[in-house]
file entry19.csv (CSV, C-alpha atoms)
chain,number,residue,atom,x,y,z
A,716,MET,CA,126.9,149.9,19.8
A,717,VAL,CA,125.8,151.0,23.3
A,718,VAL,CA,128.6,150.5,25.8
A,719,THR,CA,127.2,149.4,29.1
A,720,GLN,CA,128.9,149.5,32.5
A,721,GLU,CA,129.4,145.8,32.2
A,722,ASN,CA,131.1,146.2,28.8
A,723,ALA,CA,133.3,149.0,30.1
A,724,ALA,CA,134.4,146.8,33.0
A,725,VAL,CA,135.3,144.0,30.6
A,726,ASN,CA,137.0,146.3,28.1
A,727,GLY,CA,138.8,148.2,30.8
A,728,SER,CA,140.3,145.1,32.4
A,729,ARG,CA,144.0,144.4,32.1
A,730,ARG,CA,143.5,141.2,30.1
A,731,SER,CA,141.1,140.3,27.4
A,732,PRO,CA,138.3,137.9,28.5
A,733,SER,CA,138.5,134.3,27.5
A,734,ALA,CA,136.0,132.6,25.2
A,735,GLN,CA,134.5,130.9,28.2
A,736,GLU,CA,134.0,134.3,30.0
A,737,ILE,CA,132.4,135.8,26.9
A,738,ALA,CA,130.1,132.8,26.7
A,739,GLU,CA,129.2,133.2,30.4
A,740,THR,CA,128.4,136.9,29.9
A,741,LEU,CA,126.1,136.1,27.0
A,742,ARG,CA,124.4,133.3,29.0
A,743,GLU,CA,123.7,135.7,31.8
A,744,ARG,CA,122.1,138.2,29.3
A,745,ILE,CA,119.9,135.4,28.1
A,746,ARG,CA,119.0,134.3,31.7
A,747,THR,CA,118.1,137.9,32.7
A,748,GLY,CA,116.0,138.5,29.6
A,749,GLU,CA,118.4,141.2,28.2
A,750,LEU,CA,118.6,138.8,25.2
A,751,ARG,CA,115.2,137.3,24.5
A,752,PRO,CA,114.2,134.2,22.5
A,753,GLY,CA,114.3,135.1,18.8
A,754,ASP,CA,116.6,138.1,19.2
A,755,ARG,CA,119.5,138.2,16.8
A,756,LEU,CA,123.0,138.5,18.3
A,757,PRO,CA,125.4,141.2,17.2
A,758,THR,CA,127.8,140.3,14.5
A,759,GLN,CA,131.1,138.6,15.4
A,760,ALA,CA,132.9,141.9,14.6
A,761,GLU,CA,130.6,143.8,16.9
A,762,LEU,CA,131.1,141.3,19.7
A,763,ALA,CA,134.9,141.2,19.2
A,764,ASP,CA,134.9,145.0,19.4
A,765,GLU,CA,132.7,145.0,22.6
A,766,PHE,CA,134.8,142.5,24.4
A,767,GLY,CA,138.2,143.7,23.1
A,768,VAL,CA,139.1,140.3,21.6
A,769,GLU,CA,139.9,138.6,18.3
A,770,ARG,CA,137.1,137.1,16.4
A,771,GLY,CA,138.4,133.6,17.1
A,772,ALA,CA,137.5,134.0,20.8
A,773,VAL,CA,134.0,135.1,19.8
A,774,ARG,CA,133.6,132.1,17.5
A,775,GLN,CA,134.6,129.8,20.4
A,776,ALA,CA,132.1,131.4,22.7
A,777,LEU,CA,129.3,131.1,20.1
A,778,ARG,CA,130.1,127.5,19.6
A,779,ALA,CA,129.8,126.9,23.3
A,780,LEU,CA,126.3,128.6,23.4
A,781,GLN,CA,125.3,126.6,20.3
A,782,ASP,CA,126.4,123.3,22.1
A,783,ASP,CA,124.2,124.3,25.0
A,784,GLY,CA,121.2,124.8,22.7
A,785,LEU,CA,121.0,128.5,23.4
A,786,LEU,CA,121.4,129.6,19.7
A,787,SER,CA,119.4,128.8,16.6
A,788,ASN,CA,119.7,129.7,12.9
A,789,VAL,CA,123.5,129.4,13.2
A,790,SER,CA,125.0,129.9,9.7
A,791,LYS,CA,128.0,131.6,8.2
A,792,GLY,CA,125.8,134.2,6.5
A,793,SER,CA,124.2,136.0,9.4
A,794,PRO,CA,124.4,136.2,13.2
A,795,PRO,CA,122.6,133.5,15.1
A,796,ARG,CA,119.4,134.1,17.0
A,797,ILE,CA,118.6,133.3,20.6
A,798,ALA,CA,116.8,129.9,20.7
A,799,GLU,CA,113.1,129.9,21.5
A,800,ALA,CA,112.3,129.1,25.1
A,801,ALA,CA,112.5,125.4,26.0
A,802,PRO,CA,109.1,123.7,25.9
A,803,VAL,CA,107.3,123.3,29.2
A,804,ARG,CA,107.4,119.7,30.2
A,805,ASP,CA,103.7,119.3,31.1
A,806,GLU,CA,103.8,115.6,31.9
A,807,PRO,CA,105.4,114.6,35.1
A,808,GLN,CA,107.5,111.4,34.9
A,809,PRO,CA,108.4,108.8,37.6
A,810,THR,CA,111.7,109.5,39.2
A,811,MET,CA,113.5,106.5,37.8
A,812,VAL,CA,112.4,107.6,34.3
A,813,ALA,CA,113.1,111.3,34.5
A,814,LEU,CA,116.1,111.6,36.7
A,815,ALA,CA,118.9,109.7,34.9
A,816,PRO,CA,118.6,111.7,31.6
A,817,ARG,CA,118.4,115.0,33.4
A,818,LEU,CA,121.5,114.1,35.4
A,819,THR,CA,123.2,113.2,32.1
A,820,ASP,CA,122.4,116.6,30.7
A,821,ALA,CA,123.6,118.3,33.8
A,822,LEU,CA,126.9,116.5,34.0
A,823,SER,CA,127.6,117.2,30.3
A,824,ALA,CA,128.4,120.8,31.3
A,825,ARG,CA,132.0,121.8,31.9
A,826,ARG,CA,131.3,122.6,35.5
A,827,ALA,CA,128.3,120.8,36.9
A,828,ARG,CA,126.5,121.8,40.1
A,829,ILE,CA,123.8,119.5,41.5
A,830,ASP,CA,121.9,120.2,44.8
A,831,VAL,CA,119.6,117.6,46.3
A,832,VAL,CA,117.1,117.4,49.1
A,833,CYS,CA,116.1,113.8,49.8
A,834,HIS,CA,115.2,111.3,52.4
A,835,THR,CA,118.0,108.9,51.4
A,836,ALA,CA,120.4,108.9,48.5
A,837,GLU,CA,119.0,105.7,47.0
A,838,THR,CA,117.3,107.1,43.9
A,839,LEU,CA,120.2,109.5,43.2
A,840,MET,CA,122.8,106.7,43.6
A,841,VAL,CA,121.0,104.6,41.0
A,842,ALA,CA,120.1,107.4,38.5
A,843,ILE,CA,123.6,108.8,38.4
A,844,GLY,CA,125.0,105.5,37.1
A,845,GLU,CA,124.2,106.3,33.5
A,846,PRO,CA,126.1,109.6,33.3
A,847,LEU,CA,129.0,108.1,35.2
A,848,ARG,CA,129.2,105.3,32.6
A,849,LEU,CA,129.3,107.9,29.8
A,850,ILE,CA,132.1,109.8,31.6
A,851,HIS,CA,134.1,106.5,32.0
A,852,GLU,CA,133.6,105.8,28.3
A,853,GLY,CA,135.0,109.2,27.4
A,854,ARG,CA,131.7,110.4,25.9
A,855,MET,CA,131.3,113.2,28.4
A,856,ARG,CA,134.2,115.2,29.9
A,857,PRO,CA,133.1,117.5,32.7
A,858,GLU,CA,136.0,119.5,34.3
A,859,ALA,CA,134.3,119.8,37.7
A,860,ILE,CA,131.3,118.3,39.6
A,861,ASP,CA,130.0,119.8,42.8
A,862,LEU,CA,127.3,117.7,44.5
A,863,ARG,CA,125.6,118.9,47.7
A,864,VAL,CA,123.0,116.7,49.4
A,865,LEU,CA,120.7,117.4,52.3
A,866,VAL,CA,119.3,114.4,54.2
A,867,PRO,CA,117.6,114.1,57.6
A,868,SER,CA,119.8,114.0,60.7
A,869,ARG,CA,120.2,110.8,62.6
A,870,ASP,CA,119.4,112.6,65.8
A,871,ILE,CA,115.8,113.6,65.1
A,872,ASN,CA,112.5,111.8,65.4
A,873,LEU,CA,111.6,111.1,61.8
A,874,ALA,CA,108.1,111.8,60.6
A,875,PHE,CA,108.6,108.6,58.4
A,876,PRO,CA,109.4,105.8,58.3
A,877,VAL,CA,107.6,104.9,61.5
A,878,PRO,CA,106.1,101.7,62.8
A,879,VAL,CA,102.3,101.3,62.3
A,880,ALA,CA,101.8,100.2,65.9
A,881,GLY,CA,104.4,102.6,67.5
A,882,GLY,CA,106.2,101.5,70.6
A,883,ASP,CA,109.6,99.8,70.7
A,884,GLY,CA,109.5,99.0,67.0
A,885,GLY,CA,110.5,102.6,66.3
A,886,ASP,CA,114.1,101.9,67.2
A,887,LEU,CA,114.4,99.1,64.6
A,888,VAL,CA,112.7,101.2,61.9
A,889,HIS,CA,115.1,104.1,62.6
A,890,GLN,CA,118.2,101.8,62.6
A,891,ARG,CA,117.1,100.4,59.2
A,892,TRP,CA,116.6,103.9,57.7
A,893,LEU,CA,120.0,105.1,59.1
A,894,ALA,CA,121.9,102.1,57.7
A,895,MET,CA,120.3,102.7,54.3
A,896,ARG,CA,121.0,106.4,54.4
A,897,ASN,CA,124.7,105.9,55.2
A,898,ALA,CA,125.3,103.0,52.9
A,899,GLN,CA,123.7,104.7,49.9
A,900,GLY,CA,125.5,107.9,50.6
A,901,GLN,CA,128.8,106.2,50.8
A,902,VAL,CA,128.3,104.4,47.5
A,903,LEU,CA,127.3,107.6,45.8
A,904,ARG,CA,130.3,109.5,47.1
A,905,HIS,CA,132.7,106.7,46.2
A,906,ASN,CA,131.4,106.4,42.7
A,907,LEU,CA,131.7,110.1,42.1
A,908,MET,CA,135.1,110.5,43.8
A,909,SER,CA,136.5,107.8,41.6
A,910,LEU,CA,136.3,110.2,38.7
A,911,ARG,CA,139.0,112.3,40.3
A,912,ALA,CA,141.5,109.5,40.1
A,913,THR,CA,140.5,108.0,36.8
A,914,HIS,CA,139.7,111.1,34.7
A,915,GLY,CA,141.1,114.1,36.7
A,916,VAL,CA,137.6,115.5,37.3
A,917,ASP,CA,137.5,118.0,40.1
A,918,VAL,CA,134.8,116.4,42.2
A,919,ARG,CA,133.3,117.6,45.5
A,920,VAL,CA,130.6,115.6,47.3
A,921,THR,CA,129.2,117.1,50.5
A,922,PHE,CA,126.4,116.0,52.8
A,923,ARG,CA,124.7,118.0,55.5
A,924,ALA,CA,122.0,117.0,57.9
A,925,LEU,CA,118.5,118.5,58.1
A,926,PRO,CA,116.8,119.0,61.4
A,927,PHE,CA,113.5,117.8,59.9
A,928,THR,CA,112.0,115.2,57.6
A,929,PRO,CA,111.6,116.7,54.1
A,930,PRO,CA,108.1,116.0,52.7
A,931,VAL,CA,109.4,116.4,49.1
A,932,LYS,CA,112.5,115.6,47.1
A,933,LEU,CA,114.2,118.3,45.1
A,934,TYR,CA,116.9,118.2,42.5
A,935,LEU,CA,118.5,121.5,41.3
A,936,LEU,CA,120.6,121.1,38.2
A,937,ASN,CA,123.1,123.7,37.2
A,938,GLY,CA,120.7,126.4,38.3
A,939,GLU,CA,118.7,125.8,35.2
A,940,GLU,CA,116.2,123.1,36.2
A,941,ALA,CA,114.4,122.1,39.3
A,942,LEU,CA,112.8,118.7,39.7
A,943,LEU,CA,110.2,118.4,42.5
A,944,GLY,CA,108.6,115.2,43.7
A,945,TYR,CA,106.3,114.5,46.6
A,946,TYR,CA,107.0,111.7,49.1
A,947,THR,CA,103.7,109.8,49.5
A,948,LEU,CA,103.3,107.5,52.6
A,949,THR,CA,102.2,103.9,52.2
A,950,ARG,CA,102.0,101.0,54.6
A,951,ARG,CA,104.4,98.2,53.9
A,952,GLU,CA,106.2,95.3,55.5
A,953,GLU,CA,109.9,94.6,55.2
A,954,ASP,CA,112.2,92.0,56.9
A,955,TRP,CA,115.0,93.5,58.9
A,956,GLY,CA,117.3,91.1,60.6
A,957,ASP,CA,115.1,88.6,62.5
A,958,GLU,CA,112.2,91.0,62.5
A,959,THR,CA,109.4,91.9,60.1
A,960,LEU,CA,108.8,95.6,60.2
A,961,ASP,CA,105.3,96.9,59.7
A,962,MET,CA,105.6,100.6,58.9
A,963,TYR,CA,104.5,103.7,57.2
A,964,ASP,CA,107.2,104.6,54.7
A,965,VAL,CA,107.7,106.1,51.2
A,966,LEU,CA,109.0,104.6,48.0
A,967,GLY,CA,110.9,107.6,46.6
A,968,SER,CA,111.8,106.0,43.3
A,969,LYS,CA,108.1,106.0,42.4
A,970,SER,CA,107.5,109.7,43.1
A,971,LEU,CA,106.5,111.7,40.0
A,972,LEU,CA,108.9,114.4,39.2
A,973,PHE,CA,107.6,117.8,38.1
A,974,SER,CA,110.1,119.7,35.9
A,975,PHE,CA,110.6,123.5,36.0
A,976,VAL,CA,113.1,124.9,33.5
A,977,ARG,CA,114.5,128.4,33.8
A,978,ARG,CA,114.2,129.1,30.1
A,979,ALA,CA,110.6,128.0,29.8
A,980,GLY,CA,109.3,131.3,31.0
A,981,ARG,CA,109.0,133.6,34.0
A,982,ARG,CA,106.9,131.3,36.1
A,983,ASP,CA,109.5,128.4,35.8
A,984,ALA,CA,112.4,130.8,36.1
A,985,ALA,CA,111.0,132.1,39.4
A,986,PHE,CA,110.4,128.6,40.7
A,987,VAL,CA,114.0,127.6,39.9
A,988,ALA,CA,115.5,130.7,41.5
A,989,GLU,CA,113.4,130.5,44.7
A,990,SER,CA,114.1,126.8,45.0
A,991,GLN,CA,117.8,127.5,44.8
A,992,LYS,CA,117.5,130.3,47.4
A,993,TRP,CA,115.6,127.9,49.7
A,994,PHE,CA,118.3,125.2,49.4
A,995,ASP,CA,121.2,127.7,49.9
A,996,ALA,CA,119.5,129.1,53.0
A,997,LEU,CA,119.1,125.7,54.5
A,998,TRP,CA,122.6,124.8,53.6
A,999,GLU,CA,124.1,127.9,55.2
A,1000,THR,CA,121.9,128.1,58.4
A,1001,ILE,CA,120.2,125.3,60.2
A,1002,THR,CA,121.8,122.3,58.7
A,1003,THR,CA,124.8,120.6,60.3
A,1004,ASP,CA,127.9,118.7,59.3
A,1005,LEU,CA,127.2,115.1,58.5
A,1006,THR,CA,129.5,112.0,58.6
A,1007,LEU,CA,128.1,109.0,56.9
A,1008,SER,CA,128.9,106.3,59.4
call {"tool": "encode", "arguments": {"input": "entry19.csv", "output": "structure tokens"}}
result
Amino acid sequence: MVVTQENAAVNGSRRSPSAQEIAETLRERIRTGELRPGDRLPTQAELADEFGVERGAVRQALRALQDDGLLSNVSKGSPPRIAEAAPVRDEPQPTMVALAPRLTDALSARRARIDVVCHTAETLMVAIGEPLRLIHEGRMRPEAIDLRVLVPSRDINLAFPVPVAGGDGGDLVHQRWLAMRNAQGQVLRHNLMSLRATHGVDVRVTFRALPFTPPVKLYLLNGEEALLGYYTLTRREEDWGDETLDMYDVLGSKSLLFSFVRRAGRRDAAFVAESQKWFDALWETITTDLTLS
């Protein structure tokens, strides 16, 4: 077996890597293309020798990869193969159809990371209800959840919603949007943070404010999938207090979501990676701390 610099670092460490660390190393080889769909893994004995561990740790790592759908042809007789690339999801789906099952998949991971760019948290608040129910029922047991959400700042002139006629109505339209943004974000945070007290899940929920109105919504799930949807403006009326607001606004729950999956090929992998870079750059530079109040 060829001993790479990576292997030497692992084998040269003072302690043997855990099964989880072995699984993460193999996942990274799959992500980078070092291990390609259809490739056969080394034998358990070879992997145990490479990582300097007992075969039991290797078996645990392989079970984790199998549970993630990354291995196929798993049998006692021969080493498993890397699963074929996930099929490209050609058909976009409405947000309220596509998002809940994707969030369920994402939160089934031991350590889930979800990054979101949106106009308000309404759709996310509703869609995350299904995976939260499964966690409360004990059917999913994530160890940690890290949710980061980017929404527009309260201090900017929003591109939408805006009154059709302009003028003084803009203040009421803005007040309505701000109240919705804050209330939905607070409910989302409360529902997730309750998992810390009831199930011991290490939960972090952080909001930051964008200095612009995002024209699209973006969901990044565990660095493996990106869901992109366009906000499309429409004219609609809505009662707010004693007023009827005539405005140009969007119905985000009706946006079609286009799915890009890292394992579906180089094109999708590049889109997921660049989307994550874009989000991280916004988070670390021009966005500001946000208090939902």
call {"tool": "closest_residue", "arguments": {"input": "entry19.csv", "among": "A:Val931, A:Ala776, A:Val965, A:Ile829", "to": "Val866 (chain A)", "atoms": "only C-alpha atoms"}}
result
A:Val931
call {"tool": "residues_around", "arguments": {"input": "entry19.csv", "residues": "Ser823 (chain A)", "least_positions_apart": "5", "cutoff": "10 Å", "atoms": "all atoms listed in the file", "output": "VMD selection string"}}
result
chain A and resid 783 817 to 818 846 849 to 850 854 to 858
call {"tool": "write_last_selection", "arguments": {"input": "entry19.csv", "atoms": "C-alpha atoms", "output": "mmCIF file, in the frame of the given file"}}
result
data_model
loop_
_atom_site.group_PDB
_atom_site.id
_atom_site.type_symbol
_atom_site.label_atom_id
_atom_site.label_comp_id
_atom_site.auth_asym_id
_atom_site.auth_seq_id
_atom_site.Cartn_x
_atom_site.Cartn_y
_atom_site.Cartn_z
ATOM 1 C CA ASP A 783 124.200 124.300 25.000
ATOM 2 C CA ARG A 817 118.400 115.000 33.400
ATOM 3 C CA LEU A 818 121.500 114.100 35.400
ATOM 4 C CA PRO A 846 126.100 109.600 33.300
ATOM 5 C CA LEU A 849 129.300 107.900 29.800
ATOM 6 C CA ILE A 850 132.100 109.800 31.600
ATOM 7 C CA ARG A 854 131.700 110.400 25.900
ATOM 8 C CA MET A 855 131.300 113.200 28.400
ATOM 9 C CA ARG A 856 134.200 115.200 29.900
ATOM 10 C CA PRO A 857 133.100 117.500 32.700
ATOM 11 C CA GLU A 858 136.000 119.500 34.300
#
call {"tool": "closest_residue", "arguments": {"input": "entry19.csv", "among": "A:Met895, A:Ala988, A:Ala912, A:Leu756", "to": "Glu837 (chain A)", "atoms": "only C-alpha atoms"}}
result
A:Met895
call {"tool": "closest_residue", "arguments": {"input": "entry19.csv", "among": "A:Asp886, A:Leu925, A:Leu847, A:Ala813", "to": "His905 (chain A)", "atoms": "all atoms listed in the file"}}
result
A:Leu847
call {"tool": "atom_distance", "arguments": {"input": "entry19.csv", "atom1": "CA of Phe875 (chain A)", "atom2": "CA of Val832 (chain A)"}}
result
15.4 Å
call {"tool": "closest_residue", "arguments": {"input": "entry19.csv", "among": "A:Leu943, A:Leu865, A:Met840, A:Leu936", "to": "Pro809 (chain A)", "atoms": "all atoms listed in the file"}}
result
A:Leu943
call {"tool": "closest_residue", "arguments": {"input": "entry19.csv", "among": "A:Val831, A:Val920, A:Leu933, A:Ala836", "to": "Trp892 (chain A)", "atoms": "all atoms listed in the file"}}
result
A:Ala836
call {"tool": "residues_around", "arguments": {"input": "entry19.csv", "residues": "Ile871 (chain A)", "least_positions_apart": "3", "cutoff": "8 Å", "atoms": "all atoms listed in the file", "output": "PyMOL selection string"}}
result
chain A and resi 867-868+926-927
call {"tool": "closest_residue", "arguments": {"input": "entry19.csv", "among": "A:Leu971, A:Arg744, A:Ile843, A:Glu736", "to": "Glu806 (chain A)", "atoms": "all atoms listed in the file"}}
result
A:Leu971
call {"tool": "atom_distance", "arguments": {"input": "entry19.csv", "atom1": "CA of Thr810 (chain A)", "atom2": "CA of Val916 (chain A)"}}
result
26.7 Å
call {"tool": "atom_distance", "arguments": {"input": "entry19.csv", "atom1": "CA of Leu822 (chain A)", "atom2": "CA of Val864 (chain A)"}}
result
15.9 Å
call {"tool": "decode", "arguments": {"input": "entry19.csv", "residues": "region 728-756 of chain A", "atoms": "N, CA, C and O atoms", "output": "short mmCIF file (atom, residue, chain, number, x, y, z; two decimals), in the first residue's frame"}}
result
data_model
loop_
_atom_site.label_atom_id
_atom_site.label_comp_id
_atom_site.auth_asym_id
_atom_site.auth_seq_id
_atom_site.Cartn_x
_atom_site.Cartn_y
_atom_site.Cartn_z
N SER A 728 0.77 9.87 14.70
CA SER A 728 0.21 10.60 15.82
C SER A 728 0.35 9.77 17.09
O SER A 728 0.59 8.57 17.06
N ARG A 729 0.18 10.44 18.22
CA ARG A 729 0.39 9.77 19.49
C ARG A 729 -0.77 8.84 19.85
O ARG A 729 -0.63 7.99 20.71
N ARG A 730 -1.91 9.04 19.26
CA ARG A 730 -3.04 8.17 19.55
C ARG A 730 -3.62 7.67 18.24
O ARG A 730 -3.48 8.31 17.20
N SER A 731 -4.26 6.53 18.30
CA SER A 731 -4.90 6.00 17.10
C SER A 731 -6.16 6.80 16.80
O SER A 731 -6.86 7.24 17.72
N PRO A 732 -6.47 7.02 15.52
CA PRO A 732 -7.68 7.76 15.18
C PRO A 732 -8.92 6.97 15.56
O PRO A 732 -8.92 5.73 15.57
N SER A 733 -9.99 7.69 15.87
CA SER A 733 -11.26 7.05 16.18
C SER A 733 -11.94 6.58 14.91
O SER A 733 -11.55 6.96 13.79
N ALA A 734 -12.97 5.77 15.07
CA ALA A 734 -13.74 5.31 13.91
C ALA A 734 -14.33 6.51 13.17
O ALA A 734 -14.37 6.53 11.93
N GLN A 735 -14.80 7.51 13.92
CA GLN A 735 -15.38 8.70 13.28
C GLN A 735 -14.33 9.45 12.46
O GLN A 735 -14.61 9.91 11.36
N GLU A 736 -13.11 9.54 12.97
CA GLU A 736 -12.04 10.23 12.24
C GLU A 736 -11.65 9.45 10.98
O GLU A 736 -11.35 10.05 9.94
N ILE A 737 -11.65 8.13 11.08
CA ILE A 737 -11.36 7.32 9.89
C ILE A 737 -12.44 7.54 8.84
O ILE A 737 -12.15 7.72 7.65
N ALA A 738 -13.70 7.55 9.29
CA ALA A 738 -14.81 7.77 8.36
C ALA A 738 -14.69 9.14 7.70
O ALA A 738 -14.91 9.28 6.49
N GLU A 739 -14.33 10.17 8.46
CA GLU A 739 -14.19 11.51 7.90
C GLU A 739 -13.07 11.57 6.87
O GLU A 739 -13.18 12.23 5.84
N THR A 740 -11.96 10.86 7.14
CA THR A 740 -10.86 10.82 6.18
C THR A 740 -11.30 10.18 4.87
O THR A 740 -11.01 10.67 3.78
N LEU A 741 -12.05 9.08 4.97
CA LEU A 741 -12.53 8.41 3.77
C LEU A 741 -13.58 9.26 3.04
O LEU A 741 -13.60 9.28 1.80
N ARG A 742 -14.43 9.95 3.80
CA ARG A 742 -15.40 10.86 3.17
C ARG A 742 -14.68 11.93 2.36
O ARG A 742 -15.09 12.28 1.25
N GLU A 743 -13.61 12.47 2.92
CA GLU A 743 -12.87 13.52 2.21
C GLU A 743 -12.24 12.98 0.93
O GLU A 743 -12.20 13.67 -0.09
N ARG A 744 -11.77 11.75 0.96
CA ARG A 744 -11.21 11.15 -0.25
C ARG A 744 -12.28 10.97 -1.33
O ARG A 744 -12.01 11.10 -2.52
N ILE A 745 -13.51 10.68 -0.88
CA ILE A 745 -14.61 10.55 -1.83
C ILE A 745 -14.97 11.92 -2.39
O ILE A 745 -15.18 12.09 -3.59
N ARG A 746 -15.03 12.95 -1.51
CA ARG A 746 -15.39 14.30 -1.95
C ARG A 746 -14.40 14.84 -2.97
O ARG A 746 -14.76 15.51 -3.93
N THR A 747 -13.10 14.60 -2.73
CA THR A 747 -12.06 15.16 -3.59
C THR A 747 -11.83 14.34 -4.85
O THR A 747 -11.08 14.76 -5.73
N GLY A 748 -12.45 13.16 -4.95
CA GLY A 748 -12.29 12.34 -6.14
C GLY A 748 -11.14 11.36 -6.07
O GLY A 748 -10.88 10.62 -7.02
N GLU A 749 -10.43 11.34 -4.92
CA GLU A 749 -9.37 10.34 -4.77
C GLU A 749 -9.97 8.93 -4.82
O GLU A 749 -9.37 8.01 -5.37
N LEU A 750 -11.15 8.80 -4.23
CA LEU A 750 -11.93 7.58 -4.36
C LEU A 750 -13.14 7.91 -5.21
O LEU A 750 -13.94 8.78 -4.85
N ARG A 751 -13.28 7.23 -6.34
CA ARG A 751 -14.33 7.56 -7.30
C ARG A 751 -15.47 6.55 -7.24
O ARG A 751 -15.27 5.41 -6.80
N PRO A 752 -16.65 6.96 -7.69
CA PRO A 752 -17.78 6.01 -7.74
C PRO A 752 -17.39 4.72 -8.47
O PRO A 752 -16.80 4.76 -9.55
N GLY A 753 -17.69 3.59 -7.84
CA GLY A 753 -17.35 2.29 -8.43
C GLY A 753 -16.03 1.73 -7.95
O GLY A 753 -15.78 0.53 -8.10
N ASP A 754 -15.14 2.58 -7.38
CA ASP A 754 -13.87 2.08 -6.87
C ASP A 754 -14.11 1.15 -5.68
O ASP A 754 -15.00 1.37 -4.87
N ARG A 755 -13.29 0.11 -5.60
CA ARG A 755 -13.37 -0.79 -4.45
C ARG A 755 -12.44 -0.28 -3.35
O ARG A 755 -11.30 0.11 -3.60
N LEU A 756 -12.94 -0.27 -2.13
CA LEU A 756 -12.11 0.13 -1.00
C LEU A 756 -11.04 -0.92 -0.72
O LEU A 756 -11.21 -2.09 -1.07
#
